[in-house]
>>> print(open('model_27.cif').read())   # mmCIF, C-alpha atoms
data_query
#
loop_
_atom_site.label_atom_id
_atom_site.label_comp_id
_atom_site.auth_asym_id
_atom_site.auth_seq_id
_atom_site.Cartn_x
_atom_site.Cartn_y
_atom_site.Cartn_z
CA MET B 24 -0.93 23.50 0.02
CA SER B 25 -2.00 19.96 -0.88
CA SER B 26 -5.39 18.31 -1.44
CA PHE B 27 -6.52 15.13 0.34
CA LEU B 28 -9.58 13.03 -0.46
CA PHE B 29 -10.80 10.72 2.33
CA VAL B 30 -12.74 7.69 1.05
CA VAL B 31 -14.82 6.08 3.79
CA PRO B 32 -17.49 3.39 4.16
CA PRO B 33 -20.83 4.19 5.86
CA LEU B 34 -19.46 3.16 9.25
CA VAL B 35 -19.10 5.53 12.19
CA GLY B 36 -16.12 3.65 13.59
CA HIS B 37 -14.24 4.10 10.32
CA VAL B 38 -15.08 7.78 9.86
CA ASN B 39 -14.45 8.96 13.42
CA PRO B 40 -10.65 8.40 13.50
CA LEU B 41 -10.23 10.36 10.26
CA VAL B 42 -12.22 13.35 11.51
CA GLY B 43 -9.31 14.48 13.65
CA VAL B 44 -6.85 13.88 10.81
CA ALA B 45 -8.95 15.95 8.41
CA SER B 46 -9.18 18.73 10.98
CA ALA B 47 -5.40 18.75 11.52
CA LEU B 48 -4.79 19.03 7.78
CA THR B 49 -7.36 21.79 7.39
CA VAL B 50 -5.80 23.83 10.18
CA ARG B 51 -2.48 23.62 8.31
CA GLY B 52 -4.07 25.13 5.21
CA HIS B 53 -4.63 21.99 3.13
CA ARG B 54 -7.78 21.21 1.15
CA VAL B 55 -9.78 18.24 2.42
CA ALA B 56 -12.82 16.50 0.96
CA TRP B 57 -14.62 13.25 1.57
CA ALA B 58 -16.11 10.52 -0.61
CA GLY B 59 -18.77 8.79 1.41
CA GLU B 60 -22.28 9.08 2.73
CA PRO B 61 -22.95 12.83 3.13
CA ALA B 62 -25.35 12.69 6.09
CA LEU B 63 -23.07 10.44 8.13
CA VAL B 64 -19.84 12.28 7.31
CA ARG B 65 -21.33 15.70 8.03
CA ARG B 66 -22.80 14.46 11.31
CA LEU B 67 -19.33 13.40 12.42
CA ALA B 68 -17.01 15.84 10.63
CA GLY B 69 -19.25 18.89 10.81
CA PRO B 70 -21.93 20.43 8.58
CA ASP B 71 -19.37 22.29 6.46
CA ALA B 72 -17.50 19.16 5.39
CA VAL B 73 -17.12 18.85 1.61
CA VAL B 74 -18.61 15.46 0.77
CA HIS B 75 -18.93 13.80 -2.62
CA PRO B 76 -21.82 11.29 -2.39
CA CYS B 77 -20.43 7.81 -2.65
CA PRO B 78 -22.25 5.66 -3.51
CA PRO B 79 -25.07 7.92 -4.77
CA GLY B 80 -28.22 7.21 -2.81
CA GLY B 81 -26.48 5.40 0.04
CA MET B 82 -26.09 1.70 0.68
CA GLY B 83 -27.14 -0.40 3.63
CA VAL B 84 -24.80 -2.58 5.63
CA PRO B 85 -25.29 -6.06 7.07
CA GLY B 86 -26.36 -6.68 10.62
CA GLY B 87 -29.66 -6.44 12.44
CA THR B 88 -29.27 -2.69 12.87
CA GLY B 89 -27.77 -2.11 9.45
CA VAL B 90 -24.26 -2.54 10.78
CA PRO B 91 -21.59 -5.21 10.21
CA GLY B 92 -20.47 -6.33 13.64
CA GLY B 93 -16.82 -5.62 14.30
CA LEU B 94 -16.47 -2.83 11.79
CA GLY B 95 -17.61 -0.05 14.06
CA GLU B 96 -20.83 1.82 14.62
CA ALA B 97 -22.69 2.76 11.49
CA GLY B 98 -25.63 4.67 10.16
CA PRO B 99 -26.65 3.79 6.61
CA GLY B 100 -28.64 6.21 4.50
CA GLU B 101 -32.37 6.50 4.94
CA GLY B 102 -34.23 3.93 2.93
CA ALA B 103 -31.01 2.15 2.02
CA PRO B 104 -31.22 -1.59 1.43
CA ARG B 105 -29.74 -3.80 4.10
CA ALA B 106 -28.12 -7.20 3.92
CA VAL B 107 -29.30 -8.59 7.23
CA ARG B 108 -26.74 -10.93 8.73
CA PRO B 109 -28.14 -13.72 10.95
CA PRO B 110 -27.24 -12.84 14.54
CA ASP B 111 -25.78 -16.28 15.29
CA LEU B 112 -23.41 -16.28 12.32
CA ARG B 113 -19.80 -16.73 13.46
CA GLY B 114 -16.33 -17.64 12.25
CA PRO B 115 -15.60 -18.22 8.55
CA GLU B 116 -19.29 -18.02 7.61
CA ALA B 117 -19.56 -14.57 9.18
CA LEU B 118 -16.42 -13.54 7.27
CA ARG B 119 -17.87 -14.87 4.02
CA PHE B 120 -21.09 -12.96 4.59
CA LEU B 121 -19.17 -9.79 5.40
CA TRP B 122 -17.09 -9.92 2.22
CA GLU B 123 -19.66 -11.25 -0.22
CA ARG B 124 -22.66 -9.29 1.03
CA PHE B 125 -21.05 -6.05 2.16
CA LEU B 126 -17.41 -5.26 1.35
CA VAL B 127 -17.38 -6.36 -2.30
CA PRO B 128 -20.83 -4.93 -3.19
CA LEU B 129 -19.92 -1.71 -1.39
CA ALA B 130 -16.69 -1.42 -3.41
CA GLU B 131 -18.53 -1.92 -6.68
CA ALA B 132 -21.19 0.59 -5.69
CA MET B 133 -18.63 3.18 -4.55
CA ALA B 134 -16.23 2.92 -7.49
CA PRO B 135 -18.09 5.30 -9.87
CA GLY B 136 -18.53 7.87 -7.10
CA VAL B 137 -14.87 7.67 -6.12
CA GLY B 138 -13.89 8.31 -9.73
CA GLN B 139 -16.26 11.28 -9.92
CA ALA B 140 -14.96 12.68 -6.64
CA ILE B 141 -11.36 12.42 -7.84
CA GLY B 142 -12.27 14.12 -11.11
CA ALA B 143 -14.10 16.96 -9.36
CA PHE B 144 -11.74 17.52 -6.41
CA ARG B 145 -8.43 16.59 -8.07
CA PRO B 146 -6.64 15.42 -4.91
CA ASP B 147 -2.90 15.06 -4.57
CA VAL B 148 -3.38 12.05 -2.26
CA VAL B 149 -6.30 9.66 -1.67
CA VAL B 150 -6.74 8.33 1.87
CA ALA B 151 -8.81 5.15 1.67
CA ASP B 152 -10.24 3.28 4.63
CA GLN B 153 -9.27 -0.38 4.67
CA GLN B 154 -12.92 -1.37 4.20
CA ALA B 155 -13.54 1.19 1.42
CA LEU B 156 -11.75 -0.95 -1.15
CA ALA B 157 -12.87 1.20 -4.07
CA GLY B 158 -10.77 4.11 -2.84
CA ALA B 159 -7.51 2.19 -3.24
CA LEU B 160 -8.44 0.42 -6.49
CA VAL B 161 -9.69 3.53 -8.29
CA ALA B 162 -6.75 5.63 -7.09
CA GLU B 163 -4.29 3.03 -8.35
CA ASP B 164 -6.10 2.82 -11.67
CA LEU B 165 -5.85 6.60 -12.08
CA GLY B 166 -2.20 6.69 -11.05
CA LEU B 167 -2.76 8.62 -7.82
CA PRO B 168 -0.81 7.95 -4.61
CA TRP B 169 -3.08 6.44 -2.00
CA VAL B 170 -2.82 5.82 1.71
CA THR B 171 -4.47 3.11 3.78
CA SER B 172 -6.43 4.18 6.84
CA ALA B 173 -6.38 1.10 9.10
CA THR B 174 -8.97 1.84 11.76
CA THR B 175 -8.64 -1.70 13.09
CA SER B 176 -5.34 -3.49 13.54
CA ALA B 177 -6.79 -6.96 12.92
CA GLU B 178 -5.51 -7.17 9.33
CA PHE B 179 -1.92 -6.82 10.53
CA ALA B 180 -2.26 -10.03 12.52
CA ASP B 181 -2.77 -12.23 9.42
CA ALA B 182 -5.62 -14.02 11.17
CA LEU B 183 -6.28 -16.24 8.13
CA ALA B 184 -2.79 -17.75 8.14
CA SER B 185 -4.11 -20.75 10.04
CA MET B 186 -7.00 -21.14 7.56
CA PRO B 187 -5.30 -21.45 4.15
CA ARG B 188 -8.46 -22.36 2.27
CA VAL B 189 -10.30 -19.33 3.63
CA ALA B 190 -7.26 -17.15 2.87
CA ALA B 191 -7.17 -18.46 -0.73
CA TRP B 192 -10.88 -17.74 -1.13
CA ASN B 193 -10.37 -14.21 0.21
CA ASP B 194 -7.45 -13.60 -2.18
CA MET B 195 -9.52 -14.81 -5.14
CA LEU B 196 -12.40 -12.53 -4.14
CA LEU B 197 -10.03 -9.55 -4.11
CA SER B 198 -8.45 -10.60 -7.41
CA ASP B 199 -11.84 -10.76 -9.10
CA LEU B 200 -12.85 -7.39 -7.64
CA ARG B 201 -9.61 -5.84 -8.88
CA LYS B 202 -10.39 -7.02 -12.42
CA ARG B 203 -13.80 -5.35 -12.33
CA ILE B 204 -13.02 -1.95 -10.81
CA GLY B 205 -9.22 -1.67 -10.68
CA ARG B 206 -6.31 -1.32 -13.05
CA PRO B 207 -6.15 -4.08 -15.68
CA GLY B 208 -3.30 -6.32 -14.61
CA GLY B 209 -2.99 -4.54 -11.26
CA THR B 210 -1.67 -6.51 -8.33
CA CYS B 211 -2.12 -4.21 -5.34
CA ASP B 212 -3.82 -5.41 -2.18
CA PRO B 213 -6.32 -2.58 -1.53
CA ARG B 214 -5.94 -3.13 2.22
CA PHE B 215 -2.23 -2.22 2.24
CA SER B 216 -0.98 0.82 0.38
CA PRO B 217 2.52 0.56 -1.11
CA HIS B 218 3.01 4.21 -0.11
CA LEU B 219 1.77 4.56 3.49
CA VAL B 220 -0.41 2.67 5.98
CA LEU B 221 -1.77 4.68 8.91
CA ALA B 222 -2.40 2.31 11.83
CA PHE B 223 -4.58 3.75 14.60
CA SER B 224 -2.90 1.64 17.28
CA THR B 225 0.63 0.85 18.47
CA PRO B 226 2.66 -2.37 18.84
CA GLU B 227 2.22 -2.19 22.62
CA LEU B 228 -1.35 -3.35 21.98
CA ALA B 229 -1.35 -4.81 18.47
CA GLY B 230 1.95 -6.67 18.74
CA PRO B 231 4.33 -6.98 15.78
CA ALA B 232 2.74 -6.57 12.36
CA LEU B 233 2.79 -9.72 10.24
CA ARG B 234 1.50 -7.84 7.18
CA GLY B 235 2.11 -4.33 5.84
CA GLY B 236 5.86 -4.20 6.39
CA ASP B 237 7.75 -0.95 6.66
CA ARG B 238 4.87 1.03 5.16
CA ILE B 239 3.06 1.01 8.50
CA ARG B 240 3.15 4.09 10.68
CA TRP B 241 1.77 3.47 14.15
CA ILE B 242 0.00 6.68 15.12
CA GLY B 243 -2.24 5.52 17.97
CA PRO B 244 -5.90 6.52 18.35
CA SER B 245 -7.18 9.71 16.77
CA LEU B 246 -9.73 11.10 19.18
CA ALA B 247 -11.68 14.13 18.07
CA ALA B 248 -14.71 15.91 19.48
CA ARG B 249 -17.88 14.17 18.39
CA PRO B 250 -21.61 14.92 18.60
CA ARG B 251 -22.97 14.43 22.09
CA PRO B 252 -26.24 12.62 22.81
CA ALA B 253 -29.06 14.09 24.85
CA ALA B 254 -28.14 15.38 28.28
CA PHE B 255 -26.54 12.69 30.43
CA PRO B 256 -27.61 12.43 34.10
CA TRP B 257 -24.20 13.15 35.56
CA HIS B 258 -25.76 13.73 38.99
CA ARG B 259 -26.55 9.99 39.19
CA LEU B 260 -22.87 8.97 39.21
CA ASP B 261 -21.62 7.94 42.63
CA PRO B 262 -17.99 9.09 43.12
CA ARG B 263 -17.59 6.63 46.00
CA ARG B 264 -17.93 3.63 43.67
CA SER B 265 -15.88 2.39 40.70
CA LEU B 266 -17.58 3.29 37.44
CA VAL B 267 -17.86 0.52 34.84
CA LEU B 268 -18.94 1.20 31.25
CA VAL B 269 -20.76 -1.62 29.49
CA THR B 270 -21.17 -1.39 25.73
CA LEU B 271 -21.49 -3.77 22.80
CA GLY B 272 -21.61 -1.00 20.21
CA THR B 273 -24.63 -0.37 18.01
CA ALA B 274 -23.39 -3.07 15.66
CA ASN B 275 -24.34 -5.84 18.04
CA ALA B 276 -27.58 -4.54 19.50
CA GLY B 277 -29.58 -7.44 18.09
CA VAL B 278 -27.51 -10.13 19.83
CA GLY B 279 -26.57 -8.49 23.11
CA GLY B 280 -29.68 -8.69 25.28
CA ARG B 281 -28.64 -11.70 27.33
CA PHE B 282 -25.10 -10.43 27.84
CA LEU B 283 -26.20 -6.95 28.95
CA THR B 284 -28.64 -8.51 31.42
CA GLU B 285 -25.92 -10.71 32.89
CA ALA B 286 -23.48 -7.79 33.07
CA ALA B 287 -26.07 -5.73 34.94
CA GLY B 288 -26.48 -8.64 37.34
CA ALA B 289 -22.73 -8.80 37.93
CA VAL B 290 -22.68 -5.10 38.78
CA ARG B 291 -25.67 -5.32 41.12
CA ALA B 292 -23.94 -8.16 42.97
CA ARG B 293 -21.14 -5.65 43.67
CA ALA B 294 -23.34 -2.61 44.18
CA GLY B 295 -21.53 -1.57 47.33
CA ARG B 296 -18.40 -0.76 45.35
CA VAL B 297 -19.34 -0.71 41.64
CA GLN B 298 -21.74 1.30 39.53
CA ALA B 299 -22.39 0.82 35.80
CA VAL B 300 -23.40 2.90 32.83
CA VAL B 301 -24.76 0.63 30.09
CA ALA B 302 -25.25 1.47 26.43
CA ASP B 303 -28.62 -0.17 25.87
CA PRO B 304 -29.84 0.84 22.39
CA GLU B 305 -32.73 -1.62 22.36
CA GLY B 306 -33.88 -1.01 25.93
CA VAL B 307 -33.41 -4.62 27.05
CA LEU B 308 -32.75 -3.52 30.65
CA GLY B 309 -35.91 -1.45 30.76
CA GLU B 310 -36.49 2.08 32.00
CA ARG B 311 -35.40 2.36 35.63
CA THR B 312 -34.85 6.08 36.10
CA GLY B 313 -34.10 5.82 39.79
CA ASP B 314 -31.79 2.80 39.63
CA PRO B 315 -28.70 3.78 41.66
CA ASP B 316 -26.57 0.86 40.44
CA VAL B 317 -27.14 0.52 36.68
CA ILE B 318 -27.74 3.56 34.48
CA ALA B 319 -28.98 2.18 31.15
CA LEU B 320 -29.44 4.56 28.23
CA PRO B 321 -29.84 4.11 24.46
CA VAL B 322 -26.80 6.32 23.75
CA ILE B 323 -23.99 7.35 26.08
CA PRO B 324 -21.23 10.00 25.84
CA GLN B 325 -18.49 7.37 25.80
CA LEU B 326 -15.41 9.59 25.59
CA ASP B 327 -16.66 11.84 28.40
CA LEU B 328 -17.50 8.87 30.61
CA LEU B 329 -14.10 7.28 30.08
CA GLU B 330 -12.60 10.19 31.95
CA HIS B 331 -14.33 8.80 35.05
CA ALA B 332 -14.33 5.05 34.36
CA ALA B 333 -12.40 2.37 36.23
CA ALA B 334 -13.19 -0.47 33.79
CA VAL B 335 -14.94 -1.20 30.50
CA VAL B 336 -16.92 -4.30 29.56
CA CYS B 337 -17.24 -4.54 25.79
CA HIS B 338 -17.32 -6.68 22.65
CA GLY B 339 -13.78 -5.96 21.51
CA GLY B 340 -14.56 -3.31 18.92
CA HIS B 341 -11.28 -1.63 17.98
CA ASN B 342 -12.43 1.92 18.64
CA THR B 343 -13.94 1.11 22.03
CA VAL B 344 -10.83 -0.81 23.09
CA CYS B 345 -8.45 1.92 21.97
CA GLU B 346 -10.53 4.71 23.50
CA ALA B 347 -10.57 2.87 26.82
CA LEU B 348 -6.83 2.19 26.78
CA TRP B 349 -6.07 5.77 25.72
CA HIS B 350 -7.59 6.68 29.08
CA GLY B 351 -5.67 3.89 30.83
CA VAL B 352 -8.87 1.97 31.56
CA PRO B 353 -8.57 -1.86 31.61
CA LEU B 354 -11.14 -4.05 29.89
CA VAL B 355 -13.30 -7.13 30.13
CA VAL B 356 -13.63 -8.20 26.50
CA ALA B 357 -16.28 -10.58 25.16
CA PRO B 358 -15.70 -10.81 21.39
CA ILE B 359 -18.61 -11.77 19.16
CA ARG B 360 -17.26 -12.07 15.58
CA ASP B 361 -15.25 -10.47 12.75
CA ASP B 362 -12.12 -8.69 13.99
CA GLN B 363 -13.25 -8.75 17.63
CA PRO B 364 -11.54 -12.05 18.61
CA VAL B 365 -8.26 -10.67 17.24
CA ILE B 366 -8.60 -7.43 19.19
CA ALA B 367 -9.62 -9.34 22.33
CA ALA B 368 -6.53 -11.51 22.00
CA GLN B 369 -4.42 -8.35 21.76
CA VAL B 370 -5.93 -6.98 24.98
CA ALA B 371 -5.37 -10.22 26.86
CA GLY B 372 -1.89 -10.68 25.40
CA ALA B 373 -0.88 -7.20 26.50
CA GLY B 374 -2.16 -7.92 30.00
CA ALA B 375 -4.56 -4.96 29.86
CA GLY B 376 -7.72 -6.93 30.37
CA VAL B 377 -9.53 -10.24 30.61
CA ARG B 378 -11.16 -12.12 27.76
CA ILE B 379 -14.40 -14.03 28.39
CA ARG B 380 -16.84 -16.03 26.25
CA PHE B 381 -19.64 -13.84 24.90
CA GLY B 382 -22.09 -16.67 24.38
CA ARG B 383 -21.51 -18.42 27.70
CA ALA B 384 -20.47 -15.80 30.23
CA GLY B 385 -23.03 -15.27 32.95
CA ALA B 386 -23.08 -12.80 35.82
CA ALA B 387 -20.57 -14.89 37.82
CA ALA B 388 -17.97 -14.98 35.01
CA ILE B 389 -18.43 -11.32 34.13
CA GLY B 390 -18.20 -10.38 37.79
CA ALA B 391 -15.03 -12.42 38.34
CA ALA B 392 -13.43 -10.73 35.32
CA LEU B 393 -14.46 -7.33 36.68
CA ASP B 394 -12.90 -8.16 40.03
CA THR B 395 -9.65 -8.93 38.24
CA VAL B 396 -9.41 -5.74 36.18
CA LEU B 397 -10.55 -3.58 39.09
CA GLY B 398 -8.39 -5.22 41.71
CA GLU B 399 -5.15 -6.44 40.15
CA GLN B 400 -2.47 -3.78 39.89
CA GLN B 401 -0.59 -5.47 37.03
CA VAL B 402 -3.65 -5.22 34.78
CA ARG B 403 -4.04 -1.53 35.51
CA ALA B 404 -0.30 -1.02 35.01
CA ALA B 405 -0.48 -2.70 31.58
CA ALA B 406 -3.37 -0.43 30.60
CA ALA B 407 -1.34 2.57 31.73
CA THR B 408 1.65 1.44 29.64
CA ILE B 409 -0.51 1.23 26.50
CA SER B 410 -2.05 4.61 27.31
CA ALA B 411 1.42 6.18 27.44
CA ALA B 412 2.36 4.56 24.11
CA PHE B 413 -0.87 5.76 22.49
CA ARG B 414 -0.35 9.33 23.61
CA ALA B 415 3.30 9.34 22.52
CA ALA B 416 2.38 8.07 19.04
CA GLY B 417 0.83 11.38 18.10
CA GLY B 418 -2.64 10.49 16.81
CA ALA B 419 -4.13 12.89 14.28
CA THR B 420 -1.12 15.21 14.40
CA ALA B 421 1.27 12.40 13.49
CA ALA B 422 -1.06 11.22 10.72
CA ALA B 423 -1.12 14.72 9.24
CA ASP B 424 2.69 14.84 9.37
CA HIS B 425 2.97 11.58 7.42
CA LEU B 426 0.39 12.68 4.85
CA GLU B 427 2.13 16.02 4.31
CA ARG B 428 5.44 14.22 3.84
CA LEU B 429 3.97 11.90 1.22
CA ALA B 430 2.33 14.79 -0.63
CA ARG B 431 5.65 16.67 -0.75
CA GLN B 432 7.42 13.58 -2.08
CA GLU B 433 4.84 13.19 -4.82
CA ASP B 434 5.21 16.86 -5.76
CA HIS B 435 8.88 16.22 -6.54
CA VAL B 436 8.43 13.01 -8.50
#
>>> encode(input="model_27.cif", output="structure tokens")
Amino acid sequence: MSSFLFVVPPLVGHVNPLVGVASALTVRGHRVAWAGEPALVRRLAGPDAVVHPCPPGGMGVPGGTGVPGGLGEAGPGEGAPRAVRPPDLRGPEALRFLWERFLVPLAEAMAPGVGQAIGAFRPDVVVADQQALAGALVAEDLGLPWVTSATTSAEFADALASMPRVAAWNDMLLSDLRKRIGRPGGTCDPRFSPHLVLAFSTPELAGPALRGGDRIRWIGPSLAARPRPAAFPWHRLDPRRSLVLVTLGTANAGVGGRFLTEAAGAVRARAGRVQAVVADPEGVLGERTGDPDVIALPVIPQLDLLEHAAAVVCHGGHNTVCEALWHGVPLVVAPIRDDQPVIAAQVAGAGAGVRIRFGRAGAAAIGAALDTVLGEQQVRAAAATISAAFRAAGGATAAADHLERLARQEDHV
């Protein structure tokens, strides 16, 4: 039996993929604990999850809803401070904000808690999310083997290669952080473990990895049961029409009103053959209980609905994209910022969807893209090919196999 400590940021999209991995390890008799925000982890992993508070008291995250766009859905602790990112921030400035106002402060805040969790739980292996930088740096400092959990494949694409000045700034930021909370003289990149990198995608979508080398293990999405929202009106779905899911994730609720309105218009223009379910956390589409064409709700059971969906319109969040393609559902992708343009380029490059401009796409452009993904067989075939690759990769079971193998190797060192 081995012990695994999962170090996670306060981001739903970065906890969810590890829930299934933790469950697979537990079923095999291993000890599992978490270092993260207790309320969030227990909501996703179950009330009996062993969670070491990290950082103590919680920490807010940037974005109008307390969420950094592109890093997944989040729920910071009650009363936690928030670094509110301007909704129109894009490109390098959005990246700078993300690193300087969220990732680096979060690492510094988490480092003491990670050390305490390691001391109390005494893990054989630390599994650190790519955005929970403290997990990797503290584990290295203490001489523990650590594994990268890459819940988005954007880092493998080396997106900053074409921006050398931004890349140099990012490297300097990491170097300075390493000096403060890592091993003196350490050189590790906390985003890429020298032991094992678990990538929750496959090359069929992500393409060849430009960073991470032979440490990467492509395991595909890890989909586990998750809490369901209030009862969904399943009786309102029309089986005679193609179901389209429209979601921008909770991370982008503050900037999505115009886009959701235009997407609803595109669906209504095709009401004879298309019906939509829209994740509308801020209620921008209004309450229209009897609307037969657009069902807009604050929260939707996304995984359940994907079993019935013919297409997804989204922002390019990695989890949403991979969940859709796991089900063989093609996408219309309108990236906003952060890793989303990289993921959108992967979808378009794989032929599994259409990329459109978030800030400019109106009902006509969204509708034309929908017509393509609903009507062109090659797009649906590409989505099916990625689905098959995802399912063959093994998901949580494969991740548990790799983690067990590493733990056994370390036992014999």
>>> closest_residue(input="model_27.cif", among="B:Gly158, B:Pro40, B:Pro33, B:Pro135", to="B:Asp212", atoms="all atoms listed in the file")
B:Gly158
>>> atom_distance(input="model_27.cif", atom1="atom CA of B:Pro321", atom2="atom CA of B:Gly385")
22.2 Å
>>> resolve_selection(input="model_27.cif", expression="the PyMOL selection byres ((chain B and resi 192-206) around 7)", output="list in words")
Glu131, Ala134, Leu160, Val161, Glu163, Asp164, Arg188, Val189, Ala190, Ala191, Pro207, Gly208 and Gly209 of chain B
>>> closest_residue(input="model_27.cif", among="B:Val42, B:Leu393, B:Ala294, B:Val402", to="B:Gly69", atoms="all atoms listed in the file")
B:Val42
>>> closest_residue(input="model_27.cif", among="B:Gly339, B:Gly288, B:Gly313, B:Pro324", to="B:Ile389", atoms="all atoms listed in the file")
B:Gly288
>>> resolve_selection(input="model_27.cif", expression="the PyMOL selection byres ((chain B and resi 319) around 10)", output="ChimeraX atom specification")
/B:269,283,287,299-304,306-312,314,316-318,320-323
>>> atom_distance(input="model_27.cif", atom1="atom CA of B:Arg380", atom2="atom CA of B:Ala173")
26.4 Å
>>> resolve_selection(input="model_27.cif", expression="the PyMOL selection byres ((chain B and resi 327-335) around 7)", output="PyMOL selection string")
chain B and resi 265-269+324-326+336-337+347+350+352-355+396-397
>>> write_last_selection(input="model_27.cif", atoms="C-alpha atoms", output="mmCIF file, in the coordinates of the input")
data_model
loop_
_atom_site.group_PDB
_atom_site.id
_atom_site.type_symbol
_atom_site.label_atom_id
_atom_site.label_comp_id
_atom_site.auth_asym_id
_atom_site.auth_seq_id
_atom_site.Cartn_x
_atom_site.Cartn_y
_atom_site.Cartn_z
ATOM 1 C CA SER B 265 -15.880 2.390 40.700
ATOM 2 C CA LEU B 266 -17.580 3.290 37.440
ATOM 3 C CA VAL B 267 -17.860 0.520 34.840
ATOM 4 C CA LEU B 268 -18.940 1.200 31.250
ATOM 5 C CA VAL B 269 -20.760 -1.620 29.490
ATOM 6 C CA PRO B 324 -21.230 10.000 25.840
ATOM 7 C CA GLN B 325 -18.490 7.370 25.800
ATOM 8 C CA LEU B 326 -15.410 9.590 25.590
ATOM 9 C CA VAL B 336 -16.920 -4.300 29.560
ATOM 10 C CA CYS B 337 -17.240 -4.540 25.790
ATOM 11 C CA ALA B 347 -10.570 2.870 26.820
ATOM 12 C CA HIS B 350 -7.590 6.680 29.080
ATOM 13 C CA VAL B 352 -8.870 1.970 31.560
ATOM 14 C CA PRO B 353 -8.570 -1.860 31.610
ATOM 15 C CA LEU B 354 -11.140 -4.050 29.890
ATOM 16 C CA VAL B 355 -13.300 -7.130 30.130
ATOM 17 C CA VAL B 396 -9.410 -5.740 36.180
ATOM 18 C CA LEU B 397 -10.550 -3.580 39.090
#
>>> residues_around(input="model_27.cif", residues="stretch 216-221 of chain B", least_positions_apart="4", cutoff="6 Å", atoms="only C-alpha atoms", output="JSON list (two decimals) with C-alpha atoms, in the frame of the given file")
[["chain", "number", "residue", "atom", "x", "y", "z"],
["B", 170, "VAL", "CA", -2.82, 5.82, 1.71],
["B", 171, "THR", "CA", -4.47, 3.11, 3.78],
["B", 172, "SER", "CA", -6.43, 4.18, 6.84],
["B", 173, "ALA", "CA", -6.38, 1.10, 9.10],
["B", 238, "ARG", "CA", 4.87, 1.03, 5.16],
["B", 239, "ILE", "CA", 3.06, 1.01, 8.50],
["B", 240, "ARG", "CA", 3.15, 4.09, 10.68]]
>>> atom_distance(input="model_27.cif", atom1="atom CA of B:Gly280", atom2="atom CA of B:Arg259")
23.5 Å
>>> residues_around(input="model_27.cif", residues="B:Phe179", least_positions_apart="6", cutoff="8 Å", atoms="all atoms listed in the file", output="list in words")
Ala232, Leu233, Arg234 and Gly235 of chain B
>>> residues_around(input="model_27.cif", residues="B:Gln400", least_positions_apart="5", cutoff="12 Å", atoms="all atoms listed in the file", output="ChimeraX atom specification")
/B:352-353,374-376,394-395,405-407
